[in-house]
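Engineer: Got a file for you: start-v3.cif, mmCIF, C-alpha atoms and all ligand atoms.
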```cif
data_entry
#
loop_
_atom_site.group_PDB
_atom_site.id
_atom_site.type_symbol
_atom_site.label_atom_id
_atom_site.label_comp_id
_atom_site.auth_asym_id
_atom_site.auth_seq_id
_atom_site.Cartn_x
_atom_site.Cartn_y
_atom_site.Cartn_z
ATOM 1 C CA MET A 1 11.430 15.783 -4.660
ATOM 2 C CA GLY A 2 9.053 14.087 -2.220
ATOM 3 C CA SER A 3 6.026 11.954 -2.939
ATOM 4 C CA LYS A 4 2.783 13.764 -3.676
ATOM 5 C CA ILE A 5 -0.925 12.961 -4.014
ATOM 6 C CA ILE A 6 -3.785 14.899 -5.580
ATOM 7 C CA SER A 7 -7.507 14.443 -5.824
ATOM 8 C CA GLY A 8 -9.650 15.976 -8.518
ATOM 9 C CA ILE A 9 -13.151 15.999 -9.912
ATOM 10 C CA THR A 10 -14.433 16.598 -13.413
ATOM 11 C CA SER A 11 -16.155 19.968 -13.916
ATOM 12 C CA ASP A 12 -19.462 18.168 -14.593
ATOM 13 C CA LYS A 13 -19.034 16.475 -11.148
ATOM 14 C CA SER A 14 -19.448 13.017 -12.651
ATOM 15 C CA VAL A 15 -16.008 11.482 -12.033
ATOM 16 C CA ARG A 16 -13.377 11.677 -9.322
ATOM 17 C CA ILE A 17 -9.702 10.967 -9.756
ATOM 18 C CA TYR A 18 -6.741 10.411 -7.446
ATOM 19 C CA VAL A 19 -3.134 10.410 -8.627
ATOM 20 C CA VAL A 20 -0.088 9.679 -6.470
ATOM 21 C CA ASP A 21 3.583 9.977 -7.329
ATOM 22 C CA SER A 22 5.007 7.566 -4.743
ATOM 23 C CA THR A 23 8.534 7.286 -6.179
ATOM 24 C CA GLU A 24 10.300 8.398 -3.025
ATOM 25 C CA MET A 25 8.114 6.310 -0.678
ATOM 26 C CA VAL A 26 8.710 3.171 -2.733
ATOM 27 C CA GLU A 27 12.469 3.760 -2.893
ATOM 28 C CA GLN A 28 12.500 4.204 0.884
ATOM 29 C CA ALA A 29 10.463 1.013 1.374
ATOM 30 C CA ARG A 30 12.867 -0.832 -0.930
ATOM 31 C CA MET A 31 15.782 0.176 1.291
ATOM 32 C CA ILE A 32 13.997 -0.581 4.597
ATOM 33 C CA HIS A 33 12.965 -4.061 3.447
ATOM 34 C CA LYS A 34 16.115 -4.685 1.343
ATOM 35 C CA ALA A 35 13.764 -5.803 -1.420
ATOM 36 C CA THR A 36 14.658 -7.188 -4.846
ATOM 37 C CA PRO A 37 13.328 -5.320 -7.917
ATOM 38 C CA LEU A 38 10.409 -7.777 -8.174
ATOM 39 C CA SER A 39 9.470 -7.562 -4.486
ATOM 40 C CA THR A 40 9.846 -3.758 -4.706
ATOM 41 C CA ALA A 41 7.479 -3.624 -7.701
ATOM 42 C CA ALA A 42 4.849 -5.521 -5.696
ATOM 43 C CA LEU A 43 5.446 -3.430 -2.548
ATOM 44 C CA GLY A 44 5.277 -0.228 -4.576
ATOM 45 C CA ARG A 45 1.921 -1.056 -6.138
ATOM 46 C CA VAL A 46 0.468 -1.725 -2.673
ATOM 47 C CA ILE A 47 1.980 1.529 -1.350
ATOM 48 C CA SER A 48 0.330 3.602 -4.108
ATOM 49 C CA ALA A 49 -3.038 1.858 -3.683
ATOM 50 C CA THR A 50 -2.942 2.255 0.113
ATOM 51 C CA SER A 51 -2.001 5.926 -0.123
ATOM 52 C CA ILE A 52 -4.927 6.697 -2.444
ATOM 53 C CA MET A 53 -7.446 4.625 -0.484
ATOM 54 C CA GLY A 54 -6.216 6.315 2.696
ATOM 55 C CA ARG A 55 -6.915 9.723 1.142
ATOM 56 C CA MET A 56 -10.455 8.550 0.350
ATOM 57 C CA LEU A 57 -11.182 8.130 4.081
ATOM 58 C CA LYS A 58 -13.510 10.744 5.524
ATOM 59 C CA SER A 59 -11.829 11.612 8.824
ATOM 60 C CA GLU A 60 -8.414 11.702 10.482
ATOM 61 C CA LYS A 61 -9.501 9.055 12.982
ATOM 62 C CA GLU A 62 -10.002 6.470 10.254
ATOM 63 C CA SER A 63 -7.389 4.095 8.890
ATOM 64 C CA LEU A 64 -7.194 1.464 6.225
ATOM 65 C CA THR A 65 -5.338 -1.803 5.719
ATOM 66 C CA ILE A 66 -4.848 -3.606 2.409
ATOM 67 C CA GLN A 67 -3.674 -7.204 2.559
ATOM 68 C CA VAL A 68 -2.642 -9.080 -0.551
ATOM 69 C CA LYS A 69 -2.344 -12.768 0.326
ATOM 70 C CA GLY A 70 -1.329 -15.302 -2.267
ATOM 71 C CA ASN A 71 0.141 -18.764 -2.668
ATOM 72 C CA GLY A 72 3.147 -17.382 -4.585
ATOM 73 C CA GLU A 73 6.621 -16.769 -3.192
ATOM 74 C CA ILE A 74 5.842 -13.292 -1.858
ATOM 75 C CA ARG A 75 3.093 -14.794 0.375
ATOM 76 C CA SER A 76 1.718 -11.542 1.717
ATOM 77 C CA ILE A 77 1.973 -7.764 1.571
ATOM 78 C CA ILE A 78 0.286 -5.492 4.081
ATOM 79 C CA GLY A 79 -0.187 -1.767 3.538
ATOM 80 C CA VAL A 80 -1.616 0.450 6.285
ATOM 81 C CA GLY A 81 -2.680 3.972 5.420
ATOM 82 C CA ASN A 82 -4.159 6.984 7.192
ATOM 83 C CA ALA A 83 -6.410 9.754 5.912
ATOM 84 C CA GLU A 84 -3.339 11.863 5.120
ATOM 85 C CA GLY A 85 -2.300 9.269 2.530
ATOM 86 C CA ASN A 86 0.775 8.282 4.534
ATOM 87 C CA VAL A 87 1.584 4.582 4.473
ATOM 88 C CA LYS A 88 3.488 1.841 6.283
ATOM 89 C CA VAL A 89 4.124 -1.418 4.515
ATOM 90 C CA TYR A 90 5.267 -4.983 5.194
ATOM 91 C CA ILE A 91 6.220 -7.803 2.817
ATOM 92 C CA SER A 92 6.693 -11.440 3.948
ATOM 93 C CA ASN A 93 9.343 -12.205 1.354
ATOM 94 C CA PRO A 94 11.431 -9.292 0.048
ATOM 95 C CA ASP A 95 13.895 -11.603 -1.753
ATOM 96 C CA VAL A 96 11.814 -12.881 -4.674
ATOM 97 C CA VAL A 97 13.526 -13.218 -8.049
ATOM 98 C CA ARG A 98 11.694 -14.513 -11.139
ATOM 99 C CA PRO A 99 12.206 -14.261 -14.870
ATOM 100 C CA ALA A 100 10.053 -11.740 -16.766
ATOM 101 C CA ASN A 101 6.536 -12.861 -17.693
ATOM 102 C CA ALA A 102 5.300 -13.724 -21.207
ATOM 103 C CA GLN A 103 4.863 -10.010 -21.979
ATOM 104 C CA GLY A 104 8.472 -9.346 -20.979
ATOM 105 C CA LYS A 105 7.298 -7.510 -17.848
ATOM 106 C CA ILE A 106 8.347 -7.901 -14.226
ATOM 107 C CA ASP A 107 6.263 -10.866 -12.997
ATOM 108 C CA VAL A 108 4.383 -9.538 -9.959
ATOM 109 C CA GLY A 109 1.362 -11.740 -10.727
ATOM 110 C CA GLY A 110 3.509 -14.886 -10.701
ATOM 111 C CA ALA A 111 5.163 -13.882 -7.433
ATOM 112 C CA ILE A 112 1.805 -13.230 -5.724
ATOM 113 C CA GLY A 113 -0.058 -16.228 -7.162
ATOM 114 C CA GLU A 114 -3.647 -17.081 -6.335
ATOM 115 C CA GLY A 115 -5.298 -15.771 -3.218
ATOM 116 C CA HIS A 116 -7.257 -12.859 -1.802
ATOM 117 C CA LEU A 117 -7.265 -9.131 -1.487
ATOM 118 C CA ILE A 118 -8.605 -7.976 1.838
ATOM 119 C CA VAL A 119 -9.462 -4.391 2.728
ATOM 120 C CA ILE A 120 -10.045 -3.452 6.355
ATOM 121 C CA LYS A 121 -11.371 0.028 7.078
ATOM 122 C CA ASP A 122 -11.288 1.174 10.667
ATOM 123 C CA LEU A 123 -13.916 3.899 10.562
ATOM 124 C CA GLY A 124 -13.862 4.523 14.298
ATOM 125 C CA MET A 125 -16.942 2.350 14.869
ATOM 126 C CA LYS A 126 -17.164 -0.711 17.065
ATOM 127 C CA GLU A 127 -16.531 -3.120 14.199
ATOM 128 C CA PRO A 128 -14.220 -2.403 11.262
ATOM 129 C CA PHE A 129 -15.479 -2.744 7.674
ATOM 130 C CA ILE A 130 -13.895 -5.818 6.067
ATOM 131 C CA GLY A 131 -14.131 -6.483 2.329
ATOM 132 C CA ARG A 132 -12.582 -9.415 0.573
ATOM 133 C CA SER A 133 -12.275 -10.555 -3.018
ATOM 134 C CA GLU A 134 -10.424 -13.222 -4.923
ATOM 135 C CA LEU A 135 -7.269 -12.152 -6.747
ATOM 136 C CA VAL A 136 -7.820 -11.918 -10.504
ATOM 137 C CA SER A 137 -4.212 -11.862 -11.684
ATOM 138 C CA GLY A 138 -2.035 -10.990 -8.685
ATOM 139 C CA GLU A 139 -0.933 -7.861 -10.553
ATOM 140 C CA ILE A 140 -2.710 -5.822 -7.821
ATOM 141 C CA ALA A 141 -4.256 -3.031 -9.974
ATOM 142 C CA GLU A 142 -6.679 -5.459 -11.646
ATOM 143 C CA ASP A 143 -7.260 -7.143 -8.314
ATOM 144 C CA LEU A 144 -8.166 -3.845 -6.683
ATOM 145 C CA ALA A 145 -10.567 -2.929 -9.516
ATOM 146 C CA ALA A 146 -12.237 -6.339 -9.045
ATOM 147 C CA TYR A 147 -12.379 -5.787 -5.288
ATOM 148 C CA TYR A 148 -14.136 -2.442 -5.783
ATOM 149 C CA MET A 149 -16.684 -3.990 -8.116
ATOM 150 C CA GLN A 150 -17.412 -7.078 -6.007
ATOM 151 C CA SER A 151 -17.168 -5.693 -2.527
ATOM 152 C CA GLU A 152 -18.227 -2.063 -2.883
ATOM 153 C CA GLN A 153 -20.206 -2.173 -6.192
ATOM 154 C CA GLN A 154 -18.022 0.710 -7.355
ATOM 155 C CA PRO A 155 -16.744 0.670 -10.941
ATOM 156 C CA SER A 156 -13.120 1.874 -10.908
ATOM 157 C CA VAL A 157 -10.165 2.299 -13.198
ATOM 158 C CA VAL A 158 -7.005 1.397 -11.266
ATOM 159 C CA SER A 159 -3.499 1.864 -12.603
ATOM 160 C CA LEU A 160 -0.475 1.092 -10.422
ATOM 161 C CA GLY A 161 3.100 0.950 -11.590
ATOM 162 C CA VAL A 162 6.725 0.826 -10.517
ATOM 163 C CA LEU A 163 9.593 1.349 -12.919
ATOM 164 C CA MET A 164 12.829 -0.207 -11.644
ATOM 165 C CA ASP A 165 16.377 0.388 -12.732
ATOM 166 C CA GLN A 166 17.207 -3.263 -13.390
ATOM 167 C CA GLU A 167 20.968 -2.694 -13.132
ATOM 168 C CA ILE A 168 21.268 -0.847 -9.838
ATOM 169 C CA GLY A 169 17.921 -2.073 -8.485
ATOM 170 C CA GLY A 170 16.655 1.395 -7.556
ATOM 171 C CA VAL A 171 13.184 2.858 -8.149
ATOM 172 C CA VAL A 172 13.039 5.160 -11.189
ATOM 173 C CA ALA A 173 9.361 6.051 -10.883
ATOM 174 C CA ALA A 174 6.313 4.766 -9.017
ATOM 175 C CA GLY A 175 2.724 5.863 -8.765
ATOM 176 C CA GLY A 176 -0.959 5.133 -9.024
ATOM 177 C CA ILE A 177 -4.229 6.401 -10.453
ATOM 178 C CA ILE A 178 -7.766 5.573 -9.343
ATOM 179 C CA ILE A 179 -10.687 6.916 -11.384
ATOM 180 C CA GLN A 180 -14.272 6.411 -10.189
ATOM 181 C CA PRO A 181 -17.566 7.594 -11.655
ATOM 182 C CA LEU A 182 -19.692 9.110 -8.911
ATOM 183 C CA PRO A 183 -23.017 7.448 -8.009
ATOM 184 C CA PHE A 184 -25.749 7.968 -10.609
ATOM 185 C CA ALA A 185 -23.279 8.661 -13.419
ATOM 186 C CA ASP A 186 -24.885 7.510 -16.683
ATOM 187 C CA ASP A 187 -23.476 5.220 -19.360
ATOM 188 C CA ASP A 188 -22.174 8.209 -21.333
ATOM 189 C CA VAL A 189 -19.798 8.964 -18.488
ATOM 190 C CA ILE A 190 -18.464 5.390 -18.437
ATOM 191 C CA ASP A 191 -17.927 5.549 -22.231
ATOM 192 C CA LYS A 192 -16.141 8.869 -21.874
ATOM 193 C CA ILE A 193 -13.847 7.423 -19.186
ATOM 194 C CA GLU A 194 -13.063 4.480 -21.445
ATOM 195 C CA ARG A 195 -12.227 6.787 -24.353
ATOM 196 C CA SER A 196 -10.022 8.862 -22.042
ATOM 197 C CA ILE A 197 -7.908 5.973 -20.800
ATOM 198 C CA MET A 198 -7.567 4.242 -24.153
ATOM 199 C CA GLY A 199 -3.861 4.091 -24.935
ATOM 200 C CA LEU A 200 -2.953 5.676 -21.585
ATOM 201 C CA PRO A 201 0.751 4.968 -20.936
ATOM 202 C CA ALA A 202 1.766 3.261 -17.674
ATOM 203 C CA ILE A 203 1.695 5.652 -14.714
ATOM 204 C CA SER A 204 5.380 4.962 -14.031
ATOM 205 C CA THR A 205 6.215 5.920 -17.635
ATOM 206 C CA LEU A 206 4.229 9.158 -17.315
ATOM 207 C CA ILE A 207 6.103 10.034 -14.112
ATOM 208 C CA SER A 208 9.511 9.094 -15.518
ATOM 209 C CA GLU A 209 8.833 11.374 -18.498
ATOM 210 C CA GLY A 210 8.532 14.289 -16.075
ATOM 211 C CA ASN A 211 4.749 14.731 -15.907
ATOM 212 C CA SER A 212 3.431 16.162 -12.623
ATOM 213 C CA VAL A 213 0.514 14.496 -10.820
ATOM 214 C CA GLU A 214 -1.726 17.337 -12.083
ATOM 215 C CA ASP A 215 -0.585 16.704 -15.676
ATOM 216 C CA ILE A 216 -1.300 12.997 -15.247
ATOM 217 C CA ALA A 217 -4.832 13.639 -13.909
ATOM 218 C CA ARG A 218 -5.571 15.710 -17.039
ATOM 219 C CA ILE A 219 -3.953 13.172 -19.386
ATOM 220 C CA ALA A 220 -5.877 10.264 -17.796
ATOM 221 C CA LEU A 221 -9.219 12.096 -18.112
ATOM 222 C CA LYS A 222 -8.505 13.898 -21.359
ATOM 223 C CA GLU A 223 -12.157 13.783 -22.468
ATOM 224 C CA PHE A 224 -13.161 15.812 -19.391
ATOM 225 C CA GLU A 225 -12.175 19.046 -17.743
ATOM 226 C CA VAL A 226 -10.505 18.261 -14.396
ATOM 227 C CA GLU A 227 -10.559 20.489 -11.306
ATOM 228 C CA ILE A 228 -7.916 19.742 -8.680
ATOM 229 C CA ILE A 229 -9.507 19.556 -5.211
ATOM 230 C CA SER A 230 -6.548 18.798 -2.958
ATOM 231 C CA GLU A 231 -2.838 18.374 -3.210
ATOM 232 C CA LYS A 232 -0.443 17.259 -0.483
ATOM 233 C CA PRO A 233 2.877 15.602 0.191
ATOM 234 C CA VAL A 234 2.776 11.967 1.325
ATOM 235 C CA ALA A 235 5.427 9.822 3.000
ATOM 236 C CA LEU A 236 6.169 6.466 4.554
ATOM 237 C CA TYR A 237 5.532 6.563 8.283
ATOM 238 C CA CYS A 238 5.515 4.198 11.227
ATOM 239 C CA ASP A 239 3.742 4.552 14.549
ATOM 240 C CA CYS A 240 5.584 1.806 16.415
ATOM 241 C CA SER A 241 6.854 2.554 19.917
ATOM 242 C CA ARG A 242 8.646 0.833 22.772
ATOM 243 C CA GLU A 243 5.328 0.649 24.654
ATOM 244 C CA ARG A 244 3.684 -1.288 21.817
ATOM 245 C CA VAL A 245 6.610 -3.678 21.554
ATOM 246 C CA GLU A 246 6.486 -4.195 25.333
ATOM 247 C CA LYS A 247 2.800 -5.082 25.058
ATOM 248 C CA ALA A 248 3.656 -7.653 22.386
ATOM 249 C CA LEU A 249 6.346 -9.129 24.643
ATOM 250 C CA ILE A 250 4.007 -9.249 27.655
ATOM 251 C CA SER A 251 1.392 -11.017 25.553
ATOM 252 C CA LEU A 252 3.835 -13.915 25.100
ATOM 253 C CA GLY A 253 3.184 -14.786 28.737
ATOM 254 C CA LYS A 254 5.311 -15.452 31.782
ATOM 255 C CA ASN A 255 6.742 -18.822 30.759
ATOM 256 C CA GLU A 256 7.969 -17.617 27.387
ATOM 257 C CA LEU A 257 9.522 -14.493 28.908
ATOM 258 C CA THR A 258 11.226 -16.461 31.686
ATOM 259 C CA ASP A 259 12.584 -18.822 29.066
ATOM 260 C CA MET A 260 13.942 -15.848 27.088
ATOM 261 C CA LEU A 261 15.570 -14.457 30.222
ATOM 262 C CA GLU A 262 17.189 -17.769 31.139
ATOM 263 C CA THR A 263 18.469 -18.744 27.680
ATOM 264 C CA ASP A 264 19.485 -15.384 26.141
ATOM 265 C CA GLY A 265 19.319 -12.912 28.994
ATOM 266 C CA HIS A 266 18.000 -10.302 26.589
ATOM 267 C CA ALA A 267 15.617 -9.852 23.677
ATOM 268 C CA GLU A 268 15.673 -7.892 20.451
ATOM 269 C CA LEU A 269 12.450 -7.202 18.579
ATOM 270 C CA SER A 270 12.217 -5.358 15.316
ATOM 271 C CA CYS A 271 9.191 -3.624 13.834
ATOM 272 C CA HIS A 272 7.891 -5.486 10.741
ATOM 273 C CA PHE A 273 7.015 -2.212 9.034
ATOM 274 C CA CYS A 274 10.022 0.080 9.586
ATOM 275 C CA ASN A 275 12.639 -2.403 10.818
ATOM 276 C CA LYS A 276 13.420 -0.316 13.892
ATOM 277 C CA LYS A 277 15.028 -2.493 16.553
ATOM 278 C CA TYR A 278 13.998 -2.518 20.186
ATOM 279 C CA GLN A 279 16.401 -3.946 22.781
ATOM 280 C CA PHE A 280 15.337 -5.455 26.096
ATOM 281 C CA ASP A 281 18.155 -6.253 28.525
ATOM 282 C CA THR A 282 18.088 -8.589 31.544
ATOM 283 C CA GLU A 283 16.742 -5.869 33.805
ATOM 284 C CA ASN A 284 13.932 -4.960 31.313
ATOM 285 C CA LEU A 285 12.893 -8.607 30.996
ATOM 286 C CA LYS A 286 12.864 -9.093 34.781
ATOM 287 C CA ASN A 287 10.654 -6.013 35.127
ATOM 288 C CA LEU A 288 8.225 -7.281 32.489
ATOM 289 C CA ILE A 289 8.002 -10.660 34.222
ATOM 290 C CA SER A 290 7.412 -9.093 37.623
ATOM 291 C CA SER A 291 4.737 -6.831 36.139
ATOM 292 C CA LEU A 292 2.950 -10.037 35.100
ATOM 293 C CA ASP A 293 3.254 -11.364 38.684
ATOM 294 C CA GLU A 294 1.384 -8.326 39.975
ATOM 295 C CA LYS A 295 -1.681 -9.081 37.880
HETATM 296 ZN ZN ZN B 301 7.907 0.682 13.042
#
```
Can I see the file as structure tokens?
Structural biologist:
Amino acid sequence: MGSKIISGITSDKSVRIYVVDSTEMVEQARMIHKATPLSTAALGRVISATSIMGRMLKSEKESLTIQVKGNGEIRSIIGVGNAEGNVKVYISNPDVVRPANAQGKIDVGGAIGEGHLIVIKDLGMKEPFIGRSELVSGEIAEDLAAYYMQSEQQPSVVSLGVLMDQEIGGVVAAGGIIIQPLPFADDDVIDKIERSIMGLPAISTLISEGNSVEDIARIALKEFEVEIISEKPVALYCDCSRERVEKALISLGKNELTDMLETDGHAELSCHFCNKKYQFDTENLKNLISSLDEK
């Protein structure tokens, strides 16, 4: 079964909700990046958040980047999403191993450390929107809720989770929920949301118990009646191409390229997001260098 995302709204039009089951995307990302269970848990939370925030974009031309940058061993995770909710993701250090935290949970916060969460929205205008907030715990869901409050003045409930099979290292279940009261919602609505989510199990538990994304939307907002607005499959994607990699090579400049040609005679570049490898042989490098001469 593939990954899936839904959006819904309460029948009184006071609250919107997004739920993603990203299990398959996170398992795929784990394999691409050869990530440990801990690094996968961190990657997976960013994947779910990016997918939902991508779906919140208004038009197909828009895109969104979430960067989690910390002083912990992971260093940085970058998720890029489009309006379809499809995501590509990069992690600086996929090899992090740490003991469980004080609550006996996988220690994502410790592996991220202190730092910032940065959201870049390319809305097709001249300048992108850039929002930035300090990390609260490095656990990502809390950090994103804080980002929304500080940077967009939007109260939000954010739940992100990845359940790993600790023995074989595979992803059992992964997903995310974002709940937001719409503008002008009164205090009653906030109270009702709080009553709804009280005692809500982890999203990964709900998925592993066989609940669909629709079920989860109704469980998470049990004090309301929820209408599902949209439902669609989501997947990991990458838009890298040989042309883009060539541009990156050209940007190194003539000296660097000539040096590459003389020492190795070839170059191999791999995409940070999907790990696809691009080969440039002697002839390719010579052509790139001579294209620089023409300018
Ligand atoms: Zn790629």
Engineer: Can you turn the PyMOL selection byres (((not hetatm)) within 7 of (chain B and resi 301)) into a concrete residue list for this file, as a list in words?
Structural biologist: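 With the PyMOL selection byres (((not hetatm)) within 7 of (chain B and resi 301)) on this model, the match is Cys238, Asp239, Cys240, Cys271, His272, Phe273, Cys274, Asn275 and Lys276 of chain A.
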Engineer: Can you spit out the residues from that selection as an mmCIF file, keeping the file's coordinate frame, using C-alpha atoms?
Structural biologist:
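Contents of the output file again18.cif:
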```cif
data_model
loop_
_atom_site.group_PDB
_atom_site.id
_atom_site.type_symbol
_atom_site.label_atom_id
_atom_site.label_comp_id
_atom_site.auth_asym_id
_atom_site.auth_seq_id
_atom_site.Cartn_x
_atom_site.Cartn_y
_atom_site.Cartn_z
ATOM 1 C CA CYS A 238 5.515 4.198 11.227
ATOM 2 C CA ASP A 239 3.742 4.552 14.549
ATOM 3 C CA CYS A 240 5.584 1.806 16.415
ATOM 4 C CA CYS A 271 9.191 -3.624 13.834
ATOM 5 C CA HIS A 272 7.891 -5.486 10.741
ATOM 6 C CA PHE A 273 7.015 -2.212 9.034
ATOM 7 C CA CYS A 274 10.022 0.080 9.586
ATOM 8 C CA ASN A 275 12.639 -2.403 10.818
ATOM 9 C CA LYS A 276 13.420 -0.316 13.892
#
```
Engineer: With the file shown as input, list the residues that the PyMOL selection byres (((chain A and resi 9-18) around 6) and not hetatm) selects, as a compact mmCIF listing (two decimals) with C-alpha atoms, in the frame of the given file.
Structural biologist:
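File produced: expr_34.txt:
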```txt
# COMPACT_ATOMS: atom_id res chain seq x y z
CA ILE A 6 -3.78 14.90 -5.58
CA SER A 7 -7.51 14.44 -5.82
CA GLY A 8 -9.65 15.98 -8.52
CA VAL A 19 -3.13 10.41 -8.63
CA ILE A 177 -4.23 6.40 -10.45
CA ILE A 178 -7.77 5.57 -9.34
CA ILE A 179 -10.69 6.92 -11.38
CA GLN A 180 -14.27 6.41 -10.19
CA PRO A 181 -17.57 7.59 -11.66
CA LEU A 182 -19.69 9.11 -8.91
CA ALA A 185 -23.28 8.66 -13.42
CA GLU A 225 -12.18 19.05 -17.74
CA VAL A 226 -10.50 18.26 -14.40
CA GLU A 227 -10.56 20.49 -11.31
```
Engineer: In Å, how far is it from CA of Val87 in chain A to CA of Met53 in chain A?
Structural biologist: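 A separation of 10.3 Å between them.
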Engineer: CA of Ala102 in chain A and CA of Leu144 in chain A are how many Å apart?
Structural biologist: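 CA of Leu144 in chain A lies at a distance of 22.1 Å from CA of Ala102 in chain A.
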Engineer: I need the residue set behind the PyMOL selection byres (((chain A and resi 173) around 9) and not hetatm) for this file; please write it as a ChimeraX atom specification.
Structural biologist: /A:21-24,26-27,161-164,171-172,174-175,203-208
Engineer: What does the distance between CA of Pro183 in chain A and CA of Gly44 in chain A come to in Å, to one decimal place?
Structural biologist: 29.5 Å
Engineer: Save range 150-194 of chain A from what I just supplied, as a compact mmCIF listing (two decimals), in the first residue's frame, atoms limited to C-alpha atoms.
Structural biologist:
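This went into selection_23.txt:
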```txt
# COMPACT_ATOMS: atom_id res chain seq x y z
CA GLN A 150 6.20 32.54 16.09
CA SER A 151 6.56 32.97 12.38
CA GLU A 152 3.01 32.71 11.05
CA GLN A 153 0.96 33.50 14.22
CA GLN A 154 -0.96 30.30 13.53
CA PRO A 155 -1.84 28.05 16.48
CA SER A 156 -1.31 24.43 15.39
CA VAL A 157 -1.35 20.93 16.77
CA VAL A 158 1.47 18.96 15.13
CA SER A 159 2.01 15.24 15.60
CA LEU A 160 4.77 13.43 13.70
CA GLY A 161 5.90 9.89 14.31
CA VAL A 162 7.93 6.99 12.98
CA LEU A 163 7.73 3.51 14.42
CA MET A 164 10.85 1.46 13.66
CA ASP A 165 11.40 -2.25 13.85
CA GLN A 166 14.46 -2.09 16.09
CA GLU A 167 15.66 -5.57 15.10
CA ILE A 168 15.59 -5.39 11.32
CA GLY A 169 15.75 -1.58 11.18
CA GLY A 170 12.76 -1.21 8.85
CA VAL A 171 9.89 1.29 9.10
CA VAL A 172 6.73 -0.22 10.62
CA ALA A 173 4.60 2.91 10.40
CA ALA A 174 5.14 6.63 9.81
CA GLY A 175 2.86 9.60 9.52
CA GLY A 176 1.82 13.06 10.58
CA ILE A 177 -1.14 15.18 11.62
CA ILE A 178 -1.48 18.96 11.53
CA ILE A 179 -4.61 20.55 13.02
CA GLN A 180 -5.20 24.30 12.70
CA PRO A 181 -8.12 26.46 13.81
CA LEU A 182 -9.14 28.76 10.98
CA PRO A 183 -8.80 32.54 11.45
CA PHE A 184 -11.40 34.04 13.79
CA ALA A 185 -12.07 30.73 15.56
CA ASP A 186 -13.10 31.52 19.14
CA ASP A 187 -11.72 30.13 22.39
CA ASP A 188 -14.41 27.43 22.46
CA VAL A 189 -12.90 25.94 19.33
CA ILE A 190 -9.41 25.84 20.86
CA ASP A 191 -10.84 24.14 23.98
CA LYS A 192 -12.67 21.63 21.82
CA ILE A 193 -9.46 20.83 19.91
CA GLU A 194 -7.63 20.33 23.19
```
